[in-house]
Amino acid sequence: MTTTIRRRERPAVAAARDRGGRGLLRRLRQDWWIYLFLLPTVLGYGAYTVYPLLASWWFAFLDWPGFATAGTFVGVENFERLIGDDLFWNAFWNSIVFLVFAVPLRVGLALALALVLNRKKTPFKGFFRTLFFLPVVTTGAIVGVVFTLLLDASGPVSLALVWSGLIDSPANFAADAGTSLYAGIAVWVWKWLGITLIYWLAALQTIPQGVHEAAMIDGAGAWAEFRHVTMPLLVPFLVIITLIDTVAAFNVFDLMQTLTGGGPSFSSEVIEIFIFRTAFQATVPQLGYASAAAVLFGLLTMGFAIAQAVGMRWARGRTGAS
Amino acid sequence: MTATAQAGLTWRARLLRRPSPGQVVTVVLLLVLGGLWVYPFAWLVSASLKSSPEIFGSGLALLPERPVWENYARAWNEVGFATYFVNTLVITVGTVLLVVVRSALAGYVLGRYDFVGKKLLIGVFLVTFFLPEGYTIIPITQLTDQLSLLNTHAGVILGLGAGGQIASTLLYAGYFRRLPKELEETARLDGAGHFTIFFRVMLPLAWPITATVVILTFLFAWNVYLLPLVFTLSEPGLRTLAVGMTVFVGERGTDWSGMAAAAVISLIPVIAVFVVLQRKFVDSIAGAVKQ
């Protein structure tokens, strides 16, 4: 990470100086091939990322009952309705609860595992790393379907819990309004833990072995070493990894839609399911209303993205200084 | 030879040394946790070889009384997973090609040249870096509808690969930036133009990044759900594996063994690719986050 702070002078910089004072038009003409190289990205990105971002705002002000029809402008009516819509706030809070429980669980558990797997003495490190990474490569929608079977009241999870005496009678946690959201969180952490584990292992690799030896010589125990030596060095990574996982916690449509479908009775409906349901599953699609929900949701995640950028800069400064 | 012999020796030495109690506890905990991670896959394979009543009737036993291979035939032929498989393959290959070509081209000029509008372009990339797909699905569907590409493979490929994927572009840009300037100068002396230099010299040199981008995009395109779901709502023949799986649940909700077989069929390609290339997978992810 330190290498990113000081870079060698790039050819680009030198080239820019050479051309310094000449006219803009001349520069554009000379660089025509650069723009040709950029064309696919500019066209694709413009149409499929930038346009949708801007269009969402426009759509949010429309009453628009389907792609085949033209929308009519209704001003801020959609936003007014959203603010009074209990189901929107239900979905909004479900997304927040998901985030608040799932992210620390994923980040913390992965860190604990990484610390164990980073120790020299731990055997079969590669094997365990592969094992925990396996669910990461699988299809979220299929994992969701498979877990509806695993979590069935007569399925293996329920059987094992009854057998071990942890619960009294068979239960399906994904189909119970009190636990469905938490069942989703558990499956999500199971599926994605491996990737966070890899992030942490990469972070731990940046701590030089000498630090560990110095701590040993000073007579620090394992906990003291972690608390006073390892943890301070990991804080910048904690910021980055938490933020990456936070943004990931907003992309849970595939898993939640297939695991619970947002039910029972909206108990596990996250904001993405709310948008999908409003736009594509209602008898009369409410595209404008769904767009308004997406815009509010987008503002929220944008806030996180900005926090990410700020945190990243701060973390870079930390690693650069150390 | 000596290296492997040494490795063998240290292994033997390690095995002979009495492990400390702490180490034993660690390994036991890891094994229990690892069991939780691998059990769902074992259960899935087992369920795919049982009859539907047997899945929920035989307790925690994993071995089927008699393997029912017909489950696979049923999922593949009757339910249409053969078609879903081909669709997923076409969409994944198309998306990977699109992303590699477009991010390599853009990454090359972004990494090595200065031009009017560069700052603006990078600014736009950074602002939209973490845009969740749920946010843009309505305009993307509307755009695809306008282009008359709804319910086509091309529509799904463009929807997945034309926008986003900034990480790939930045990976290429970072790599190309580090290559020495003399490469172009020598090639230019030999009379090569920009395109020859890029395709003959630069792109082949960037193969480690290409491998990373291929892996990351393959994972994304094979596993994506929302966009293919929305784009194929009215065209069952275009469903991908992920979409087909959920339709299966809706239409034949009690054919659990067929469902399990279909899930195995859908997961085998990604898991196989992962097992073969696992070092590269892990390095790709670790490398991407270090950026």
# chains A, B, ... in the order shown; residues from 1 in each chain; ligands from 1
>>> residues_around(residues="Ala186 of chain A", least_positions_apart="2", cutoff="10 Å", atoms="only C-alpha atoms", output="PDB file with all heavy atoms, in the first residue's frame")
ATOM      1  N   PHE A  98     -30.460  -5.568   8.960  1.00  0.00           N
ATOM      2  CA  PHE A  98     -29.595  -6.513   8.268  1.00  0.00           C
ATOM      3  C   PHE A  98     -28.144  -6.049   8.364  1.00  0.00           C
ATOM      4  O   PHE A  98     -27.249  -6.802   8.755  1.00  0.00           O
ATOM      5  CB  PHE A  98     -30.028  -6.620   6.798  1.00  0.00           C
ATOM      6  CG  PHE A  98     -29.416  -7.782   6.081  1.00  0.00           C
ATOM      7  CD1 PHE A  98     -30.129  -8.952   5.891  1.00  0.00           C
ATOM      8  CD2 PHE A  98     -28.117  -7.723   5.584  1.00  0.00           C
ATOM      9  CE1 PHE A  98     -29.571 -10.030   5.238  1.00  0.00           C
ATOM     10  CE2 PHE A  98     -27.547  -8.800   4.941  1.00  0.00           C
ATOM     11  CZ  PHE A  98     -28.275  -9.954   4.762  1.00  0.00           C
ATOM     12  N   PHE A 101     -26.542  -6.037  12.029  1.00  0.00           N
ATOM     13  CA  PHE A 101     -26.182  -7.343  12.579  1.00  0.00           C
ATOM     14  C   PHE A 101     -25.184  -8.078  11.689  1.00  0.00           C
ATOM     15  O   PHE A 101     -24.236  -8.677  12.164  1.00  0.00           O
ATOM     16  CB  PHE A 101     -27.428  -8.219  12.773  1.00  0.00           C
ATOM     17  CG  PHE A 101     -28.195  -7.861  13.996  1.00  0.00           C
ATOM     18  CD1 PHE A 101     -29.224  -6.931  13.934  1.00  0.00           C
ATOM     19  CD2 PHE A 101     -27.872  -8.419  15.229  1.00  0.00           C
ATOM     20  CE1 PHE A 101     -29.936  -6.575  15.070  1.00  0.00           C
ATOM     21  CE2 PHE A 101     -28.580  -8.070  16.373  1.00  0.00           C
ATOM     22  CZ  PHE A 101     -29.608  -7.148  16.287  1.00  0.00           C
ATOM     23  N   ALA A 102     -25.434  -8.048  10.369  1.00  0.00           N
ATOM     24  CA  ALA A 102     -24.668  -8.904   9.470  1.00  0.00           C
ATOM     25  C   ALA A 102     -23.226  -8.423   9.289  1.00  0.00           C
ATOM     26  O   ALA A 102     -22.302  -9.228   9.271  1.00  0.00           O
ATOM     27  CB  ALA A 102     -25.367  -8.997   8.114  1.00  0.00           C
ATOM     28  N   LEU A 105     -20.882  -9.058  12.299  1.00  0.00           N
ATOM     29  CA  LEU A 105     -20.739 -10.508  12.414  1.00  0.00           C
ATOM     30  C   LEU A 105     -19.744 -11.028  11.375  1.00  0.00           C
ATOM     31  O   LEU A 105     -18.826 -11.797  11.677  1.00  0.00           O
ATOM     32  CB  LEU A 105     -22.111 -11.154  12.203  1.00  0.00           C
ATOM     33  CG  LEU A 105     -22.344 -12.524  12.812  1.00  0.00           C
ATOM     34  CD1 LEU A 105     -22.141 -12.482  14.309  1.00  0.00           C
ATOM     35  CD2 LEU A 105     -23.763 -13.007  12.489  1.00  0.00           C
ATOM     36  N   ARG A 106     -19.938 -10.580  10.125  1.00  0.00           N
ATOM     37  CA  ARG A 106     -19.082 -11.040   9.036  1.00  0.00           C
ATOM     38  C   ARG A 106     -17.645 -10.554   9.224  1.00  0.00           C
ATOM     39  O   ARG A 106     -16.695 -11.327   9.102  1.00  0.00           O
ATOM     40  CB  ARG A 106     -19.670 -10.540   7.709  1.00  0.00           C
ATOM     41  CG  ARG A 106     -18.899 -10.944   6.484  1.00  0.00           C
ATOM     42  CD  ARG A 106     -19.656 -10.533   5.229  1.00  0.00           C
ATOM     43  NE  ARG A 106     -18.728 -10.304   4.136  1.00  0.00           N
ATOM     44  CZ  ARG A 106     -19.079  -9.823   2.951  1.00  0.00           C
ATOM     45  NH1 ARG A 106     -20.342  -9.529   2.701  1.00  0.00           N
ATOM     46  NH2 ARG A 106     -18.186  -9.643   2.008  1.00  0.00           N
ATOM     47  N   SER A 180     -37.163 -14.696  10.419  1.00  0.00           N
ATOM     48  CA  SER A 180     -36.806 -14.840   9.006  1.00  0.00           C
ATOM     49  C   SER A 180     -35.654 -13.918   8.595  1.00  0.00           C
ATOM     50  O   SER A 180     -34.743 -14.326   7.875  1.00  0.00           O
ATOM     51  CB  SER A 180     -38.030 -14.576   8.122  1.00  0.00           C
ATOM     52  OG  SER A 180     -38.557 -13.305   8.411  1.00  0.00           O
ATOM     53  N   LEU A 181     -35.678 -12.677   9.083  1.00  0.00           N
ATOM     54  CA  LEU A 181     -34.614 -11.732   8.715  1.00  0.00           C
ATOM     55  C   LEU A 181     -33.260 -12.223   9.236  1.00  0.00           C
ATOM     56  O   LEU A 181     -32.244 -12.139   8.547  1.00  0.00           O
ATOM     57  CB  LEU A 181     -34.934 -10.347   9.272  1.00  0.00           C
ATOM     58  CG  LEU A 181     -33.999  -9.208   8.852  1.00  0.00           C
ATOM     59  CD1 LEU A 181     -34.007  -9.008   7.350  1.00  0.00           C
ATOM     60  CD2 LEU A 181     -34.395  -7.911   9.556  1.00  0.00           C
ATOM     61  N   TYR A 182     -33.283 -12.785  10.468  1.00  0.00           N
ATOM     62  CA  TYR A 182     -32.034 -13.249  11.069  1.00  0.00           C
ATOM     63  C   TYR A 182     -31.535 -14.534  10.393  1.00  0.00           C
ATOM     64  O   TYR A 182     -30.329 -14.766  10.302  1.00  0.00           O
ATOM     65  CB  TYR A 182     -32.211 -13.428  12.580  1.00  0.00           C
ATOM     66  CG  TYR A 182     -32.638 -12.122  13.203  1.00  0.00           C
ATOM     67  CD1 TYR A 182     -33.988 -11.830  13.409  1.00  0.00           C
ATOM     68  CD2 TYR A 182     -31.702 -11.138  13.489  1.00  0.00           C
ATOM     69  CE1 TYR A 182     -34.390 -10.608  13.916  1.00  0.00           C
ATOM     70  CE2 TYR A 182     -32.092  -9.912  13.993  1.00  0.00           C
ATOM     71  CZ  TYR A 182     -33.436  -9.649  14.210  1.00  0.00           C
ATOM     72  OH  TYR A 182     -33.812  -8.435  14.688  1.00  0.00           O
ATOM     73  N   ALA A 183     -32.485 -15.353   9.919  1.00  0.00           N
ATOM     74  CA  ALA A 183     -32.081 -16.524   9.136  1.00  0.00           C
ATOM     75  C   ALA A 183     -31.339 -16.055   7.884  1.00  0.00           C
ATOM     76  O   ALA A 183     -30.299 -16.603   7.508  1.00  0.00           O
ATOM     77  CB  ALA A 183     -33.300 -17.358   8.756  1.00  0.00           C
ATOM     78  N   GLY A 184     -31.874 -14.996   7.252  1.00  0.00           N
ATOM     79  CA  GLY A 184     -31.220 -14.428   6.071  1.00  0.00           C
ATOM     80  C   GLY A 184     -29.828 -13.923   6.401  1.00  0.00           C
ATOM     81  O   GLY A 184     -28.871 -14.149   5.662  1.00  0.00           O
ATOM     82  N   TRP A 188     -26.359 -15.270   4.829  1.00  0.00           N
ATOM     83  CA  TRP A 188     -25.509 -14.288   4.136  1.00  0.00           C
ATOM     84  C   TRP A 188     -24.086 -14.316   4.698  1.00  0.00           C
ATOM     85  O   TRP A 188     -23.114 -14.304   3.957  1.00  0.00           O
ATOM     86  CB  TRP A 188     -26.115 -12.895   4.291  1.00  0.00           C
ATOM     87  CG  TRP A 188     -25.430 -11.819   3.520  1.00  0.00           C
ATOM     88  CD1 TRP A 188     -25.527 -11.584   2.176  1.00  0.00           C
ATOM     89  CD2 TRP A 188     -24.557 -10.798   4.034  1.00  0.00           C
ATOM     90  NE1 TRP A 188     -24.775 -10.487   1.831  1.00  0.00           N
ATOM     91  CE2 TRP A 188     -24.174  -9.983   2.941  1.00  0.00           C
ATOM     92  CE3 TRP A 188     -24.074 -10.493   5.307  1.00  0.00           C
ATOM     93  CZ2 TRP A 188     -23.326  -8.892   3.085  1.00  0.00           C
ATOM     94  CZ3 TRP A 188     -23.220  -9.405   5.436  1.00  0.00           C
ATOM     95  CH2 TRP A 188     -22.851  -8.610   4.337  1.00  0.00           C
ATOM     96  N   VAL A 189     -23.982 -14.365   6.032  1.00  0.00           N
ATOM     97  CA  VAL A 189     -22.660 -14.416   6.646  1.00  0.00           C
ATOM     98  C   VAL A 189     -21.960 -15.716   6.250  1.00  0.00           C
ATOM     99  O   VAL A 189     -20.778 -15.723   5.896  1.00  0.00           O
ATOM    100  CB  VAL A 189     -22.754 -14.288   8.179  1.00  0.00           C
ATOM    101  CG1 VAL A 189     -21.404 -14.556   8.828  1.00  0.00           C
ATOM    102  CG2 VAL A 189     -23.256 -12.905   8.563  1.00  0.00           C
ATOM    103  N   TRP A 190     -22.713 -16.818   6.257  1.00  0.00           N
ATOM    104  CA  TRP A 190     -22.143 -18.104   5.839  1.00  0.00           C
ATOM    105  C   TRP A 190     -21.601 -18.004   4.412  1.00  0.00           C
ATOM    106  O   TRP A 190     -20.494 -18.428   4.113  1.00  0.00           O
ATOM    107  CB  TRP A 190     -23.226 -19.193   5.911  1.00  0.00           C
ATOM    108  CG  TRP A 190     -22.773 -20.532   5.413  1.00  0.00           C
ATOM    109  CD1 TRP A 190     -22.085 -21.478   6.104  1.00  0.00           C
ATOM    110  CD2 TRP A 190     -22.976 -21.066   4.100  1.00  0.00           C
ATOM    111  NE1 TRP A 190     -21.847 -22.560   5.310  1.00  0.00           N
ATOM    112  CE2 TRP A 190     -22.381 -22.344   4.070  1.00  0.00           C
ATOM    113  CE3 TRP A 190     -23.602 -20.602   2.935  1.00  0.00           C
ATOM    114  CZ2 TRP A 190     -22.388 -23.155   2.931  1.00  0.00           C
ATOM    115  CZ3 TRP A 190     -23.606 -21.405   1.802  1.00  0.00           C
ATOM    116  CH2 TRP A 190     -23.015 -22.667   1.817  1.00  0.00           C
ATOM    117  N   LYS A 191     -22.388 -17.407   3.519  1.00  0.00           N
ATOM    118  CA  LYS A 191     -21.987 -17.361   2.115  1.00  0.00           C
ATOM    119  C   LYS A 191     -20.767 -16.469   1.880  1.00  0.00           C
ATOM    120  O   LYS A 191     -19.890 -16.814   1.106  1.00  0.00           O
ATOM    121  CB  LYS A 191     -23.144 -16.870   1.241  1.00  0.00           C
ATOM    122  CG  LYS A 191     -22.790 -16.926  -0.248  1.00  0.00           C
ATOM    123  CD  LYS A 191     -23.880 -16.399  -1.123  1.00  0.00           C
ATOM    124  CE  LYS A 191     -23.549 -16.582  -2.595  1.00  0.00           C
ATOM    125  NZ  LYS A 191     -22.207 -16.222  -2.992  1.00  0.00           N
TER     126      LYS A 191
END
>>> interface_residues(of="chain B", to="chain A", cutoff="6 Å", atoms="only C-alpha atoms", output="list in words")
Phe56, Leu60, Arg102, Leu105, Ala106, Arg112, Tyr113, Asp114, Gly134, Tyr135, Thr136, Pro139, Ala162, Gly163, Asn223, Tyr225, Ala242 and Ala286 of chain B
>>> write_last_selection(atoms="N, CA and C atoms", output="PDB file, in the first residue's frame")
ATOM      1  N   PHE B  56     -36.554 -35.821   3.331  1.00  0.00           N
ATOM      2  CA  PHE B  56     -36.972 -35.360   4.648  1.00  0.00           C
ATOM      3  C   PHE B  56     -37.385 -36.509   5.564  1.00  0.00           C
ATOM      4  N   LEU B  60     -30.796 -37.400   9.536  1.00  0.00           N
ATOM      5  CA  LEU B  60     -29.575 -36.702   9.169  1.00  0.00           C
ATOM      6  C   LEU B  60     -28.641 -37.551   8.292  1.00  0.00           C
ATOM      7  N   ARG B 102     -13.385  -3.982 -23.231  1.00  0.00           N
ATOM      8  CA  ARG B 102     -13.629  -2.576 -22.950  1.00  0.00           C
ATOM      9  C   ARG B 102     -12.765  -2.072 -21.793  1.00  0.00           C
ATOM     10  N   LEU B 105      -8.974  -1.728 -23.045  1.00  0.00           N
ATOM     11  CA  LEU B 105      -8.795  -0.536 -23.890  1.00  0.00           C
ATOM     12  C   LEU B 105      -8.790   0.733 -23.037  1.00  0.00           C
ATOM     13  N   ALA B 106      -9.801   0.861 -22.186  1.00  0.00           N
ATOM     14  CA  ALA B 106      -9.908   2.075 -21.369  1.00  0.00           C
ATOM     15  C   ALA B 106      -8.774   2.132 -20.348  1.00  0.00           C
ATOM     16  N   ARG B 112      -1.745   5.151 -19.009  1.00  0.00           N
ATOM     17  CA  ARG B 112      -0.493   5.592 -19.643  1.00  0.00           C
ATOM     18  C   ARG B 112      -0.535   6.961 -20.293  1.00  0.00           C
ATOM     19  N   TYR B 113      -1.697   7.528 -20.495  1.00  0.00           N
ATOM     20  CA  TYR B 113      -1.738   8.790 -21.225  1.00  0.00           C
ATOM     21  C   TYR B 113      -2.553   9.839 -20.495  1.00  0.00           C
ATOM     22  N   ASP B 114      -2.255  11.064 -20.839  1.00  0.00           N
ATOM     23  CA  ASP B 114      -3.016  12.174 -20.320  1.00  0.00           C
ATOM     24  C   ASP B 114      -3.851  12.708 -21.463  1.00  0.00           C
ATOM     25  N   GLY B 134     -29.821  -2.856  -7.529  1.00  0.00           N
ATOM     26  CA  GLY B 134     -31.243  -2.634  -7.292  1.00  0.00           C
ATOM     27  C   GLY B 134     -31.669  -1.207  -7.614  1.00  0.00           C
ATOM     28  N   TYR B 135     -30.719  -0.296  -7.557  1.00  0.00           N
ATOM     29  CA  TYR B 135     -30.989   1.114  -7.734  1.00  0.00           C
ATOM     30  C   TYR B 135     -31.275   1.474  -9.185  1.00  0.00           C
ATOM     31  N   THR B 136     -30.614   0.799 -10.117  1.00  0.00           N
ATOM     32  CA  THR B 136     -30.709   1.202 -11.516  1.00  0.00           C
ATOM     33  C   THR B 136     -31.501   0.238 -12.381  1.00  0.00           C
ATOM     34  N   PRO B 139     -34.422   1.988 -14.847  1.00  0.00           N
ATOM     35  CA  PRO B 139     -33.945   2.644 -16.077  1.00  0.00           C
ATOM     36  C   PRO B 139     -33.219   1.691 -17.029  1.00  0.00           C
ATOM     37  N   ALA B 162     -21.871  -3.707 -20.034  1.00  0.00           N
ATOM     38  CA  ALA B 162     -21.595  -2.414 -20.670  1.00  0.00           C
ATOM     39  C   ALA B 162     -21.321  -1.326 -19.649  1.00  0.00           C
ATOM     40  N   GLY B 163     -22.049  -1.342 -18.537  1.00  0.00           N
ATOM     41  CA  GLY B 163     -21.820  -0.348 -17.493  1.00  0.00           C
ATOM     42  C   GLY B 163     -21.036  -0.970 -16.353  1.00  0.00           C
ATOM     43  N   ASN B 223     -23.330 -15.851 -11.578  1.00  0.00           N
ATOM     44  CA  ASN B 223     -24.139 -15.862 -10.366  1.00  0.00           C
ATOM     45  C   ASN B 223     -25.220 -14.800 -10.303  1.00  0.00           C
ATOM     46  N   TYR B 225     -28.469 -12.481 -10.566  1.00  0.00           N
ATOM     47  CA  TYR B 225     -29.855 -12.945 -10.521  1.00  0.00           C
ATOM     48  C   TYR B 225     -30.868 -11.881 -10.954  1.00  0.00           C
ATOM     49  N   ALA B 242     -29.799 -19.450 -12.525  1.00  0.00           N
ATOM     50  CA  ALA B 242     -30.292 -18.871 -11.271  1.00  0.00           C
ATOM     51  C   ALA B 242     -31.786 -18.578 -11.373  1.00  0.00           C
ATOM     52  N   ALA B 286      -7.695 -10.881  -3.241  1.00  0.00           N
ATOM     53  CA  ALA B 286      -6.776 -10.161  -2.361  1.00  0.00           C
ATOM     54  C   ALA B 286      -6.158  -8.991  -3.113  1.00  0.00           C
TER      55      ALA B 286
END
>>> select_by_dssp(residues="segment 129-191 of chain A", states="alpha helix (DSSP H)", output="ChimeraX atom specification")
/A:129-133,140-150,156-163,180-191
>>> write_last_selection(atoms="N, CA, C and O atoms", output="tab-separated table (two decimals), in the first residue's frame")
chain	number	residue	atom	x	y	z
A	129	ARG	N	-8.83	-22.48	4.36
A	129	ARG	CA	-9.13	-21.26	3.61
A	129	ARG	C	-10.00	-21.59	2.40
A	129	ARG	O	-10.98	-20.90	2.12
A	130	THR	N	-9.67	-22.67	1.71
A	130	THR	CA	-10.46	-23.10	0.56
A	130	THR	C	-11.89	-23.43	0.98
A	130	THR	O	-12.85	-23.05	0.33
A	131	LEU	N	-12.00	-24.13	2.12
A	131	LEU	CA	-13.31	-24.55	2.62
A	131	LEU	C	-14.21	-23.34	2.88
A	131	LEU	O	-15.36	-23.30	2.44
A	132	PHE	N	-13.67	-22.34	3.57
A	132	PHE	CA	-14.49	-21.18	3.91
A	132	PHE	C	-14.78	-20.32	2.69
A	132	PHE	O	-15.73	-19.56	2.67
A	133	PHE	N	-13.93	-20.42	1.68
A	133	PHE	CA	-14.13	-19.61	0.49
A	133	PHE	C	-15.15	-20.22	-0.46
A	133	PHE	O	-15.74	-19.53	-1.29
A	140	GLY	N	-25.87	-16.90	-5.47
A	140	GLY	CA	-26.68	-16.50	-4.33
A	140	GLY	C	-28.12	-17.00	-4.41
A	140	GLY	O	-28.68	-17.47	-3.41
A	141	ALA	N	-28.73	-16.90	-5.59
A	141	ALA	CA	-30.13	-17.30	-5.74
A	141	ALA	C	-30.28	-18.80	-5.48
A	141	ALA	O	-31.29	-19.25	-4.91
A	142	ILE	N	-29.28	-19.57	-5.88
A	142	ILE	CA	-29.37	-21.02	-5.68
A	142	ILE	C	-29.10	-21.37	-4.22
A	142	ILE	O	-29.78	-22.23	-3.65
A	143	VAL	N	-28.17	-20.67	-3.61
A	143	VAL	CA	-27.93	-20.85	-2.18
A	143	VAL	C	-29.23	-20.58	-1.41
A	143	VAL	O	-29.61	-21.33	-0.51
A	144	GLY	N	-29.94	-19.54	-1.80
A	144	GLY	CA	-31.21	-19.21	-1.14
A	144	GLY	C	-32.20	-20.36	-1.24
A	144	GLY	O	-32.81	-20.75	-0.24
A	145	VAL	N	-32.35	-20.90	-2.44
A	145	VAL	CA	-33.30	-22.02	-2.62
A	145	VAL	C	-32.86	-23.23	-1.81
A	145	VAL	O	-33.67	-23.86	-1.12
A	146	VAL	N	-31.57	-23.56	-1.87
A	146	VAL	CA	-31.08	-24.74	-1.14
A	146	VAL	C	-31.31	-24.57	0.36
A	146	VAL	O	-31.70	-25.52	1.04
A	147	PHE	N	-31.13	-23.36	0.86
A	147	PHE	CA	-31.33	-23.16	2.30
A	147	PHE	C	-32.80	-23.20	2.71
A	147	PHE	O	-33.10	-23.45	3.87
A	148	THR	N	-33.72	-22.96	1.77
A	148	THR	CA	-35.13	-23.16	2.15
A	148	THR	C	-35.34	-24.63	2.50
A	148	THR	O	-36.14	-24.95	3.38
A	149	LEU	N	-34.63	-25.52	1.82
A	149	LEU	CA	-34.75	-26.96	2.14
A	149	LEU	C	-34.00	-27.30	3.42
A	149	LEU	O	-34.50	-28.00	4.29
A	150	LEU	N	-32.76	-26.76	3.54
A	150	LEU	CA	-31.97	-27.06	4.74
A	150	LEU	C	-32.65	-26.57	6.01
A	150	LEU	O	-32.54	-27.18	7.07
A	156	PRO	N	-32.43	-30.79	7.91
A	156	PRO	CA	-31.30	-31.13	8.78
A	156	PRO	C	-31.01	-30.12	9.87
A	156	PRO	O	-30.64	-30.50	10.99
A	157	VAL	N	-31.16	-28.81	9.61
A	157	VAL	CA	-30.83	-27.82	10.64
A	157	VAL	C	-31.75	-27.99	11.83
A	157	VAL	O	-31.30	-28.08	12.99
A	158	SER	N	-33.05	-28.05	11.54
A	158	SER	CA	-34.03	-28.22	12.60
A	158	SER	C	-33.82	-29.54	13.35
A	158	SER	O	-33.84	-29.58	14.59
A	159	LEU	N	-33.58	-30.62	12.60
A	159	LEU	CA	-33.35	-31.93	13.23
A	159	LEU	C	-32.15	-31.89	14.17
A	159	LEU	O	-32.22	-32.37	15.30
A	160	ALA	N	-31.05	-31.28	13.68
A	160	ALA	CA	-29.83	-31.25	14.49
A	160	ALA	C	-30.05	-30.43	15.76
A	160	ALA	O	-29.57	-30.80	16.83
A	161	LEU	N	-30.79	-29.32	15.65
A	161	LEU	CA	-31.02	-28.48	16.82
A	161	LEU	C	-31.91	-29.17	17.83
A	161	LEU	O	-31.70	-29.07	19.04
A	162	VAL	N	-32.93	-29.90	17.37
A	162	VAL	CA	-33.80	-30.64	18.28
A	162	VAL	C	-32.99	-31.74	18.94
A	162	VAL	O	-33.04	-31.94	20.16
A	163	TRP	N	-32.22	-32.45	18.15
A	163	TRP	CA	-31.42	-33.58	18.64
A	163	TRP	C	-30.44	-33.12	19.72
A	163	TRP	O	-30.23	-33.80	20.72
A	180	SER	N	-37.16	-14.70	10.42
A	180	SER	CA	-36.81	-14.84	9.01
A	180	SER	C	-35.65	-13.92	8.60
A	180	SER	O	-34.74	-14.33	7.87
A	181	LEU	N	-35.68	-12.68	9.08
A	181	LEU	CA	-34.61	-11.73	8.72
A	181	LEU	C	-33.26	-12.22	9.24
A	181	LEU	O	-32.24	-12.14	8.55
A	182	TYR	N	-33.28	-12.79	10.47
A	182	TYR	CA	-32.03	-13.25	11.07
A	182	TYR	C	-31.53	-14.53	10.39
A	182	TYR	O	-30.33	-14.77	10.30
A	183	ALA	N	-32.48	-15.35	9.92
A	183	ALA	CA	-32.08	-16.52	9.14
A	183	ALA	C	-31.34	-16.05	7.88
A	183	ALA	O	-30.30	-16.60	7.51
A	184	GLY	N	-31.87	-15.00	7.25
A	184	GLY	CA	-31.22	-14.43	6.07
A	184	GLY	C	-29.83	-13.92	6.40
A	184	GLY	O	-28.87	-14.15	5.66
A	185	ILE	N	-29.71	-13.24	7.54
A	185	ILE	CA	-28.40	-12.72	7.96
A	185	ILE	C	-27.41	-13.87	8.14
A	185	ILE	O	-26.27	-13.80	7.68
A	186	ALA	N	-27.87	-14.94	8.80
A	186	ALA	CA	-26.98	-16.08	9.05
A	186	ALA	C	-26.50	-16.69	7.74
A	186	ALA	O	-25.31	-16.97	7.57
A	187	VAL	N	-27.42	-16.89	6.80
A	187	VAL	CA	-27.02	-17.49	5.52
A	187	VAL	C	-26.08	-16.56	4.76
A	187	VAL	O	-25.11	-16.99	4.16
A	188	TRP	N	-26.36	-15.27	4.83
A	188	TRP	CA	-25.51	-14.29	4.14
A	188	TRP	C	-24.09	-14.32	4.70
A	188	TRP	O	-23.11	-14.30	3.96
A	189	VAL	N	-23.98	-14.37	6.03
A	189	VAL	CA	-22.66	-14.42	6.65
A	189	VAL	C	-21.96	-15.72	6.25
A	189	VAL	O	-20.78	-15.72	5.90
A	190	TRP	N	-22.71	-16.82	6.26
A	190	TRP	CA	-22.14	-18.10	5.84
A	190	TRP	C	-21.60	-18.00	4.41
A	190	TRP	O	-20.49	-18.43	4.11
A	191	LYS	N	-22.39	-17.41	3.52
A	191	LYS	CA	-21.99	-17.36	2.12
A	191	LYS	C	-20.77	-16.47	1.88
A	191	LYS	O	-19.89	-16.81	1.11
>>> atom_distance(atom1="atom CA of Ala73 of chain B", atom2="atom CA of Ser257 of chain B")
11.4 Å
>>> closest_residue(among="A:Leu62, A:Leu166, A:Leu233, A:Ile207", to="Asn118 of chain A", atoms="only C-alpha atoms")
A:Ile207
>>> atom_distance(atom1="atom CA of Gly107 of chain B", atom2="atom CA of Ile215 of chain B")
17.4 Å
>>> atom_distance(atom1="atom CA of Leu151 of chain A", atom2="atom CA of Pro264 of chain A")
14.5 Å
>>> residues_around(residues="segment 278-280 of chain B", least_positions_apart="4", cutoff="8 Å", atoms="only C-alpha atoms", output="list in words")
Thr130 of chain A; Thr212, Val273, Phe274 and Ser284 of chain B
>>> residues_around(residues="Val76 of chain A", least_positions_apart="3", cutoff="7 Å", atoms="only C-alpha atoms", output="PyMOL selection string")
chain A and resi 61+79-80
>>> write_last_selection(atoms="N, CA and C atoms", output="mmCIF file, in the first residue's frame")
data_model
loop_
_atom_site.group_PDB
_atom_site.id
_atom_site.type_symbol
_atom_site.label_atom_id
_atom_site.label_comp_id
_atom_site.auth_asym_id
_atom_site.auth_seq_id
_atom_site.Cartn_x
_atom_site.Cartn_y
_atom_site.Cartn_z
ATOM 1 N N PHE A 61 -40.401 11.238 -10.251
ATOM 2 C CA PHE A 61 -41.448 12.266 -10.231
ATOM 3 C C PHE A 61 -42.606 11.923 -11.157
ATOM 4 N N PHE A 79 -42.802 10.823 -3.390
ATOM 5 C CA PHE A 79 -42.025 10.933 -2.153
ATOM 6 C C PHE A 79 -42.949 11.126 -0.956
ATOM 7 N N GLU A 80 -44.010 11.915 -1.161
ATOM 8 C CA GLU A 80 -44.978 12.102 -0.072
ATOM 9 C C GLU A 80 -45.613 10.776 0.319
#
>>> residues_around(residues="Pro228 of chain B", least_positions_apart="6", cutoff="9 Å", atoms="only C-alpha atoms", output="VMD selection string")
chain B and resid 156 159 to 160 238 to 240 242 to 243
